[in-house]
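Raw contents of query.cif, mmCIF, C-alpha atoms:
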```cif
data_target
#
loop_
_atom_site.label_atom_id
_atom_site.label_comp_id
_atom_site.auth_asym_id
_atom_site.auth_seq_id
_atom_site.Cartn_x
_atom_site.Cartn_y
_atom_site.Cartn_z
CA MET W 192 44.74 30.47 57.68
CA GLU W 193 42.57 30.67 60.77
CA LYS W 194 41.79 27.22 62.11
CA ILE W 195 38.24 25.98 62.69
CA LYS W 196 37.35 25.69 66.37
CA VAL W 197 35.93 22.33 67.45
CA ALA W 198 34.65 20.76 70.65
CA ILE W 199 34.68 17.21 71.92
CA LEU W 200 31.87 15.91 74.09
CA GLY W 201 32.88 12.80 76.01
CA PRO W 202 36.40 12.79 77.49
CA GLY W 203 36.80 8.98 77.59
CA ASN W 204 39.08 6.81 75.47
CA ILE W 205 37.62 7.93 72.13
CA GLY W 206 37.39 11.59 73.09
CA SER W 207 40.92 11.65 74.47
CA ASP W 208 42.34 10.00 71.35
CA LEU W 209 40.40 12.49 69.22
CA MET W 210 41.98 15.36 71.10
CA TYR W 211 45.49 14.25 70.11
CA LYS W 212 44.48 13.92 66.47
CA VAL W 213 42.81 17.34 66.42
CA MET W 214 45.99 18.79 67.90
CA ARG W 215 47.91 17.58 64.82
CA SER W 216 45.38 18.95 62.33
CA GLU W 217 46.39 21.85 60.11
CA ILE W 218 42.73 22.84 59.74
CA LEU W 219 41.04 22.17 63.10
CA GLN W 220 41.69 23.80 66.46
CA MET W 221 40.90 22.09 69.74
CA HIS W 222 38.72 24.59 71.62
CA LEU W 223 36.67 22.77 74.27
CA MET W 224 36.53 19.38 75.97
CA ALA W 225 33.20 18.84 77.70
CA GLY W 226 31.78 16.12 79.92
CA ILE W 227 29.46 15.78 82.87
CA VAL W 228 31.97 15.01 85.64
CA GLU W 229 35.48 16.14 86.53
CA SER W 230 37.07 13.10 84.89
CA GLU W 231 40.67 12.28 84.04
CA GLY W 232 39.91 13.19 80.43
CA ILE W 233 38.75 16.65 81.47
CA LYS W 234 41.88 17.12 83.57
CA ARG W 235 44.05 15.92 80.70
CA ALA W 236 42.53 18.46 78.31
CA ALA W 237 42.97 21.22 80.88
CA SER W 238 46.64 20.30 81.27
CA PHE W 239 47.12 21.14 77.57
CA GLY W 240 45.53 24.54 78.15
CA PHE W 241 42.21 23.79 76.44
CA ASN W 242 38.87 25.06 77.68
CA THR W 243 36.95 22.44 79.66
CA SER W 244 33.45 22.13 81.08
CA ILE W 245 31.36 19.62 83.00
CA ASN W 246 28.11 21.12 81.69
CA GLY W 247 27.93 18.64 78.81
CA ALA W 248 26.30 19.65 75.54
CA ASP W 249 25.02 22.91 77.01
CA ALA W 250 28.57 24.24 77.25
CA ILE W 251 29.06 23.52 73.55
CA VAL W 252 25.84 24.98 72.16
CA ASN W 253 26.33 28.15 74.22
CA ASP W 254 29.80 28.81 72.78
CA PRO W 255 29.48 30.81 69.53
CA ASN W 256 33.07 29.97 68.50
CA ILE W 257 32.40 26.27 67.92
CA LYS W 258 31.68 25.13 64.36
CA PHE W 259 31.90 21.35 64.82
CA VAL W 260 31.34 19.00 67.73
CA PHE W 261 32.68 15.47 67.98
CA ASP W 262 30.15 13.54 70.06
CA ALA W 263 31.93 10.63 71.75
CA THR W 264 29.31 9.86 74.39
CA SER W 265 26.65 7.19 73.89
CA ALA W 266 23.84 6.49 71.47
CA ALA W 267 21.22 7.61 73.99
CA ALA W 268 23.08 10.82 74.84
CA HIS W 269 23.56 11.75 71.18
CA LEU W 270 19.88 11.22 70.43
CA ALA W 271 19.12 13.74 73.17
CA ASN W 272 21.81 16.24 72.16
CA ALA W 273 21.53 16.17 68.36
CA PRO W 274 18.59 18.63 68.22
CA LYS W 275 20.54 21.08 70.39
CA TYR W 276 23.50 21.06 68.01
CA LYS W 277 21.25 21.58 65.01
CA GLU W 278 19.44 24.51 66.61
CA ALA W 279 22.80 26.10 67.49
CA GLY W 280 24.06 25.65 63.91
CA ILE W 281 26.87 23.34 65.00
CA ILE W 282 27.76 20.45 62.72
CA ALA W 283 27.80 17.18 64.65
CA ILE W 284 30.31 14.42 63.94
CA ASP W 285 28.68 11.48 65.71
CA LEU W 286 31.05 8.78 66.98
CA THR W 287 28.26 6.90 68.74
CA PRO W 288 26.01 4.27 67.11
CA ALA W 289 23.01 6.63 67.32
CA ALA W 290 22.87 7.12 63.52
CA VAL W 291 20.85 10.34 63.59
CA GLY W 292 22.58 11.49 60.43
CA PRO W 293 23.71 9.48 57.40
CA TYR W 294 26.43 6.86 57.75
CA LEU W 295 29.81 8.17 56.68
CA VAL W 296 32.85 6.11 55.68
CA PRO W 297 35.25 8.66 54.14
CA CYS W 298 36.81 6.53 51.41
CA VAL W 299 33.40 5.31 50.22
CA ASN W 300 30.81 8.06 50.41
CA LEU W 301 32.26 11.35 51.64
CA ASP W 302 31.93 12.88 48.17
CA LYS W 303 28.26 11.91 48.02
CA LEU W 304 27.14 13.86 51.09
CA GLY W 305 24.95 16.90 50.78
CA ASP W 306 24.58 19.75 53.26
CA GLU W 307 24.05 17.58 56.34
CA MET W 308 24.39 19.04 59.84
CA ASN W 309 24.94 15.61 61.41
CA VAL W 310 26.96 12.67 60.12
CA ASN W 311 27.45 9.28 61.77
CA MET W 312 30.87 7.64 61.79
CA VAL W 313 29.25 4.20 62.15
CA THR W 314 31.52 2.23 64.51
CA CYS W 315 35.17 1.23 64.68
CA GLY W 316 34.28 -2.12 63.14
CA GLY W 317 32.17 -0.41 60.52
CA GLN W 318 35.01 1.91 59.50
CA ALA W 319 37.35 -1.07 59.22
CA THR W 320 35.11 -3.45 57.29
CA THR W 321 32.61 -1.45 55.23
CA PRO W 322 35.31 -0.38 52.73
CA ILE W 323 36.20 -4.02 52.08
CA VAL W 324 32.55 -5.00 51.55
CA TYR W 325 32.15 -2.05 49.19
CA ALA W 326 35.32 -2.96 47.28
CA ILE W 327 34.09 -6.51 46.73
CA LYS W 328 30.53 -5.43 45.91
CA ARG W 329 31.58 -2.91 43.26
CA VAL W 330 33.17 -5.62 41.13
CA ALA W 331 31.25 -8.78 42.08
CA GLY W 332 28.00 -7.80 43.78
CA ALA W 333 27.18 -8.77 47.37
CA SER W 334 24.07 -10.68 48.41
CA TYR W 335 25.33 -11.04 51.99
CA ALA W 336 28.16 -9.61 54.11
CA GLU W 337 29.19 -10.69 57.57
CA ILE W 338 32.01 -9.19 59.63
CA VAL W 339 33.64 -10.23 62.87
CA SER W 340 35.48 -7.39 64.59
CA CYS W 341 37.86 -8.44 67.34
CA ILE W 342 39.30 -5.74 69.60
CA SER W 343 41.37 -5.82 72.75
CA SER W 344 39.21 -5.65 75.85
CA LYS W 345 41.71 -3.13 77.26
CA SER W 346 40.81 -0.70 74.46
CA ALA W 347 37.06 -0.93 75.12
CA GLY W 348 35.97 1.76 77.55
CA PRO W 349 32.65 1.96 79.41
CA GLY W 350 30.96 3.70 76.48
CA THR W 351 31.90 0.96 74.03
CA ARG W 352 30.82 -1.77 76.42
CA ALA W 353 27.47 -0.08 77.07
CA ASN W 354 26.76 0.20 73.34
CA ILE W 355 27.46 -3.36 72.15
CA ASP W 356 23.89 -3.92 70.92
CA GLU W 357 23.86 -0.60 69.08
CA PHE W 358 27.30 -1.44 67.65
CA THR W 359 26.07 -4.62 66.01
CA GLU W 360 22.90 -3.01 64.68
CA THR W 361 24.59 0.09 63.29
CA THR W 362 27.48 -1.82 61.74
CA SER W 363 25.14 -4.34 60.14
CA LYS W 364 23.11 -1.55 58.60
CA ALA W 365 26.20 0.26 57.31
CA LEU W 366 27.33 -2.90 55.51
CA GLU W 367 24.09 -2.58 53.54
CA VAL W 368 23.64 1.18 53.16
CA VAL W 369 27.29 2.10 52.52
CA GLY W 370 28.91 -1.23 51.70
CA GLY W 371 26.16 -2.19 49.26
CA ALA W 372 25.41 -5.70 50.52
CA ASP W 373 21.80 -6.87 50.24
CA LYS W 374 22.02 -8.14 53.83
CA GLY W 375 24.62 -7.40 56.50
CA ARG W 376 25.52 -8.89 59.85
CA ALA W 377 28.11 -7.77 62.40
CA ILE W 378 29.70 -9.45 65.41
CA ILE W 379 32.05 -7.81 67.94
CA ILE W 380 34.42 -9.73 70.17
CA LEU W 381 36.27 -8.21 73.14
CA ASN W 382 39.52 -10.19 73.33
CA PRO W 383 40.98 -10.45 76.87
CA ALA W 384 44.39 -11.64 75.63
CA ASP W 385 47.39 -10.27 77.54
CA PRO W 386 49.51 -8.86 76.02
CA PRO W 387 46.70 -7.26 73.98
CA LEU W 388 46.35 -8.10 70.31
CA LEU W 389 45.85 -5.66 67.46
CA MET W 390 42.34 -5.02 66.14
CA THR W 391 41.48 -7.75 63.63
CA ASN W 392 38.45 -7.75 61.31
CA THR W 393 37.33 -10.74 59.29
CA VAL W 394 35.07 -10.00 56.33
CA TYR W 395 32.90 -12.58 54.57
CA VAL W 396 31.00 -11.64 51.41
CA ARG W 397 28.74 -13.86 49.33
CA ILE W 398 29.15 -12.54 45.81
CA LYS W 399 26.57 -12.49 43.01
CA ASN W 400 28.76 -12.51 39.91
CA ASP W 401 31.41 -14.85 38.57
CA VAL W 402 34.48 -12.62 38.87
CA SER W 403 38.13 -13.63 39.01
CA LEU W 404 40.09 -13.43 42.24
CA ASP W 405 42.52 -11.01 40.57
CA VAL W 406 39.71 -8.51 39.91
CA ILE W 407 38.46 -8.73 43.50
CA THR W 408 41.96 -8.46 44.94
CA GLU W 409 42.76 -5.39 42.84
CA SER W 410 39.58 -3.67 44.02
CA VAL W 411 40.33 -4.52 47.67
CA ASN W 412 43.92 -3.30 47.39
CA ARG W 413 42.71 0.02 45.97
CA ILE W 414 40.34 0.59 48.88
CA VAL W 415 42.98 -0.41 51.43
CA ASN W 416 45.29 2.26 49.99
CA ASP W 417 42.45 4.79 50.21
CA VAL W 418 41.89 4.03 53.90
CA LYS W 419 45.63 4.17 54.64
CA LYS W 420 45.63 7.83 53.59
CA TYR W 421 43.91 8.70 56.87
CA VAL W 422 44.63 5.54 58.91
CA PRO W 423 48.28 4.60 58.24
CA GLY W 424 48.06 1.47 60.43
CA TYR W 425 45.29 -0.09 58.30
CA ARG W 426 46.48 -3.14 56.38
CA LEU W 427 45.40 -6.32 54.68
CA ARG W 428 46.45 -9.16 56.95
CA MET W 429 45.03 -11.84 54.66
CA PRO W 430 44.27 -11.02 51.02
CA PRO W 431 40.94 -12.17 49.57
CA ILE W 432 40.36 -15.86 48.99
CA ILE W 433 37.40 -17.43 47.16
CA ASP W 434 35.54 -20.58 48.12
CA GLY W 435 32.64 -21.03 45.73
CA ASP W 436 30.67 -17.80 45.92
CA LYS W 437 32.16 -16.72 49.28
CA VAL W 438 35.03 -14.23 49.53
CA THR W 439 36.98 -13.91 52.77
CA ALA W 440 39.53 -11.26 53.73
CA ILE W 441 41.12 -10.15 57.01
CA ILE W 442 42.02 -6.59 57.96
CA GLU W 443 44.34 -5.59 60.80
CA VAL W 444 44.50 -2.10 62.30
CA GLN W 445 47.48 -0.87 64.28
CA GLY W 446 46.92 2.31 66.24
CA ALA W 447 49.17 5.36 66.21
CA GLY W 448 49.63 5.15 69.98
CA ASP W 449 48.36 8.69 70.55
CA PHE W 450 46.39 7.93 73.71
CA LEU W 451 46.27 4.17 74.22
CA PRO W 452 49.05 1.87 72.96
CA VAL W 453 49.18 0.67 69.34
CA TYR W 454 46.92 -2.32 70.02
CA ALA W 455 43.95 0.10 70.17
CA GLY W 456 43.46 0.33 66.42
CA ASN W 457 39.71 0.45 67.06
CA LEU W 458 40.19 3.93 68.50
CA ASP W 459 42.45 5.07 65.68
CA ILE W 460 40.24 4.06 62.81
CA ILE W 461 37.12 5.86 63.99
CA THR W 462 38.86 8.96 65.34
CA SER W 463 41.06 9.31 62.25
CA ALA W 464 38.02 8.90 60.02
CA ALA W 465 36.17 11.52 62.06
CA VAL W 466 38.97 14.09 61.77
CA ALA W 467 39.40 13.44 58.03
CA THR W 468 35.65 13.88 57.57
CA THR W 469 35.55 17.12 59.54
CA GLU W 470 38.46 18.61 57.62
CA ALA W 471 36.75 17.74 54.33
CA LEU W 472 33.40 19.17 55.47
CA ALA W 473 35.06 22.37 56.65
CA SER W 474 36.48 22.82 53.15
CA LYS W 475 33.23 21.80 51.44
CA LYS W 476 31.22 24.30 53.49
CA HIS W 477 33.79 27.02 52.76
CA LEU W 478 34.65 27.50 56.43
CA ILE W 479 38.36 27.72 55.60
#
```

If you convert what's in this file into structure tokens, what do you get?
Amino acid sequence: MEKIKVAILGPGNIGSDLMYKVMRSEILQMHLMAGIVESEGIKRAASFGFNTSINGADAIVNDPNIKFVFDATSAAAHLANAPKYKEAGIIAIDLTPAAVGPYLVPCVNLDKLGDEMNVNMVTCGGQATTPIVYAIKRVAGASYAEIVSCISSKSAGPGTRANIDEFTETTSKALEVVGGADKGRAIIILNPADPPLLMTNTVYVRIKNDVSLDVITESVNRIVNDVKKYVPGYRLRMPPIIDGDKVTAIIEVQGAGDFLPVYAGNLDIITSAAVATTEALASKKHLI
């Protein structure tokens, strides 16, 4: 089987971690790493023998071999580049909070997508918490969902730090659109602890229906197992508890250690979700 050639735009922490995961894929082939300066990420990709460019999105849209692009830049940059990808017929997997295309959380709504040319991977916190909100909502309803995503400050690169406002807005919206809550709210915390701690996500959901804890726990456990299929380090640190109409659960994400150490689960969950999505879309669009 001939692999599908892909490009990564943005050779920072997320883009570099993506590269390692694409390298392991049986379906995707790393073809081009692009940026706008001769960065360490560009040099790293070149050391593996991959094509590199500092001409940004232009290098990608002018390469007829590329079928998918992972955009790991910023919300503003993706808003500018998305029309270029569409015109070139390249499917964009957006890892910024730009949300040009529909929100995509693989274990929740991948099967519901149509023939989109641009999908948004929400945020690392969104990938970690939206499945839990959805799992609770599908059995008990959800009038309100609030998540607190705590990541190591050492795993937050310049792009993440520059997009904090977009992170909270995009994640909050995904809790509603994908998770099914009537109202969503998201908070991100950059934890400066040394040694760094694993990514931890606390999920609060105000439920609508009187449902037993066993029913909620079973639904949450099912979704955790679904996420673990593409993010092995995803686990339930604290199972659901009920206080009145409020359900609380805590998720921990341990990274695979591909680029940054295992504390950087925030990288792993969004890059793993992006690769799983791209492999599924390649099959769905009969590219393999």

Just say which residues the PyMOL selection byres ((chain W and resi 223) around 9) picks in this file, as a PDB file with C-alpha atoms, keeping the file's coordinate frame.
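The resulting file, out_23.pdb, is shown below:
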```
ATOM      1  CA  LYS W 196      37.350  25.690  66.370  1.00  0.00           C
ATOM      2  CA  VAL W 197      35.930  22.330  67.450  1.00  0.00           C
ATOM      3  CA  ALA W 198      34.650  20.760  70.650  1.00  0.00           C
ATOM      4  CA  ILE W 199      34.680  17.210  71.920  1.00  0.00           C
ATOM      5  CA  LEU W 200      31.870  15.910  74.090  1.00  0.00           C
ATOM      6  CA  MET W 221      40.900  22.090  69.740  1.00  0.00           C
ATOM      7  CA  HIS W 222      38.720  24.590  71.620  1.00  0.00           C
ATOM      8  CA  MET W 224      36.530  19.380  75.970  1.00  0.00           C
ATOM      9  CA  ALA W 225      33.200  18.840  77.700  1.00  0.00           C
ATOM     10  CA  ALA W 236      42.530  18.460  78.310  1.00  0.00           C
ATOM     11  CA  PHE W 241      42.210  23.790  76.440  1.00  0.00           C
ATOM     12  CA  ASN W 242      38.870  25.060  77.680  1.00  0.00           C
ATOM     13  CA  THR W 243      36.950  22.440  79.660  1.00  0.00           C
ATOM     14  CA  SER W 244      33.450  22.130  81.080  1.00  0.00           C
ATOM     15  CA  ALA W 250      28.570  24.240  77.250  1.00  0.00           C
ATOM     16  CA  ILE W 251      29.060  23.520  73.550  1.00  0.00           C
ATOM     17  CA  ILE W 257      32.400  26.270  67.920  1.00  0.00           C
TER      18      ILE W 257
END
```

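Between CA of Thr362 (chain W) and CA of Arg376 (chain W) the interatomic distance comes to 7.6 Å.
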
Neighbour list for region 291-308 of chain W as an mmCIF file with C-alpha atoms, in the coordinates of the input, cut-off 7 Å, all atoms listed in the file, skip fewer than 6 positions in-chain:
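This went into around.cif:
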```
data_model
loop_
_atom_site.group_PDB
_atom_site.id
_atom_site.type_symbol
_atom_site.label_atom_id
_atom_site.label_comp_id
_atom_site.auth_asym_id
_atom_site.auth_seq_id
_atom_site.Cartn_x
_atom_site.Cartn_y
_atom_site.Cartn_z
ATOM 1 C CA LEU W 270 19.880 11.220 70.430
ATOM 2 C CA LYS W 277 21.250 21.580 65.010
ATOM 3 C CA ILE W 282 27.760 20.450 62.720
ATOM 4 C CA ALA W 283 27.800 17.180 64.650
ATOM 5 C CA GLN W 318 35.010 1.910 59.500
ATOM 6 C CA PRO W 322 35.310 -0.380 52.730
ATOM 7 C CA ALA W 365 26.200 0.260 57.310
ATOM 8 C CA ASP W 417 42.450 4.790 50.210
ATOM 9 C CA VAL W 418 41.890 4.030 53.900
ATOM 10 C CA ALA W 464 38.020 8.900 60.020
ATOM 11 C CA THR W 468 35.650 13.880 57.570
#
```

Point out the residue among W:Ile218, W:Val310, W:Ile380, W:Cys315 with the least atom-to-atom distance to Glu193 (chain W), counting all atoms listed in the file.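 The shortest atom-to-atom distance to Glu193 (chain W) comes from W:Ile218.
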
If the PyMOL selection byres ((chain W and resi 341) around 10) were run on this exact file, what residues would it hold? Put them as JSON, numbers by chain. {"W": [316, 338, 339, 340, 342, 343, 344, 378, 379, 380, 381, 382, 388, 389, 390, 391, 392, 393, 443, 457]}

Draw an axis-aligned box tight on the listed atoms of region 425-434 of chain W, then pad every side by 4 Å and write out centre and edge lengths in Å to one decimal as JSON.
```
{"center_x": 41.0, "center_y": -10.3, "center_z": 52.7, "size_x": 18.9, "size_y": 28.5, "size_z": 19.1}
```

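Note that CA of Thr320 (chain W) and CA of Val438 (chain W) are 13.3 Å apart.
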
Evaluate the PyMOL selection byres ((chain W and resi 470) around 9) here and jot the selected residues down as a list of chain:residue names.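 Taken on the displayed file, the PyMOL selection byres ((chain W and resi 470) around 9) yields the residues W:Ile195, W:Ser216, W:Glu217, W:Ile218, W:Leu219, W:Ala465, W:Val466, W:Ala467, W:Thr468, W:Thr469, W:Ala471, W:Leu472, W:Ala473, W:Ser474, W:Lys475.
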
Please list as a VMD selection string every residue within 12 Å of Ile398 (chain W), counting all atoms listed in the file and excluding residues in the same chain fewer than 5 positions away. chain W and resid 324 to 337 371 to 374 403 to 404 407 433 to 439

Those residues with C-alpha atoms, as a short mmCIF file (atom, residue, chain, number, x, y, z; two decimals), keeping the file's coordinate frame please?
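Once written, out.cif looks like this:
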```
data_model
loop_
_atom_site.label_atom_id
_atom_site.label_comp_id
_atom_site.auth_asym_id
_atom_site.auth_seq_id
_atom_site.Cartn_x
_atom_site.Cartn_y
_atom_site.Cartn_z
CA VAL W 324 32.55 -5.00 51.55
CA TYR W 325 32.15 -2.05 49.19
CA ALA W 326 35.32 -2.96 47.28
CA ILE W 327 34.09 -6.51 46.73
CA LYS W 328 30.53 -5.43 45.91
CA ARG W 329 31.58 -2.91 43.26
CA VAL W 330 33.17 -5.62 41.13
CA ALA W 331 31.25 -8.78 42.08
CA GLY W 332 28.00 -7.80 43.78
CA ALA W 333 27.18 -8.77 47.37
CA SER W 334 24.07 -10.68 48.41
CA TYR W 335 25.33 -11.04 51.99
CA ALA W 336 28.16 -9.61 54.11
CA GLU W 337 29.19 -10.69 57.57
CA GLY W 371 26.16 -2.19 49.26
CA ALA W 372 25.41 -5.70 50.52
CA ASP W 373 21.80 -6.87 50.24
CA LYS W 374 22.02 -8.14 53.83
CA SER W 403 38.13 -13.63 39.01
CA LEU W 404 40.09 -13.43 42.24
CA ILE W 407 38.46 -8.73 43.50
CA ILE W 433 37.40 -17.43 47.16
CA ASP W 434 35.54 -20.58 48.12
CA GLY W 435 32.64 -21.03 45.73
CA ASP W 436 30.67 -17.80 45.92
CA LYS W 437 32.16 -16.72 49.28
CA VAL W 438 35.03 -14.23 49.53
CA THR W 439 36.98 -13.91 52.77
#
```
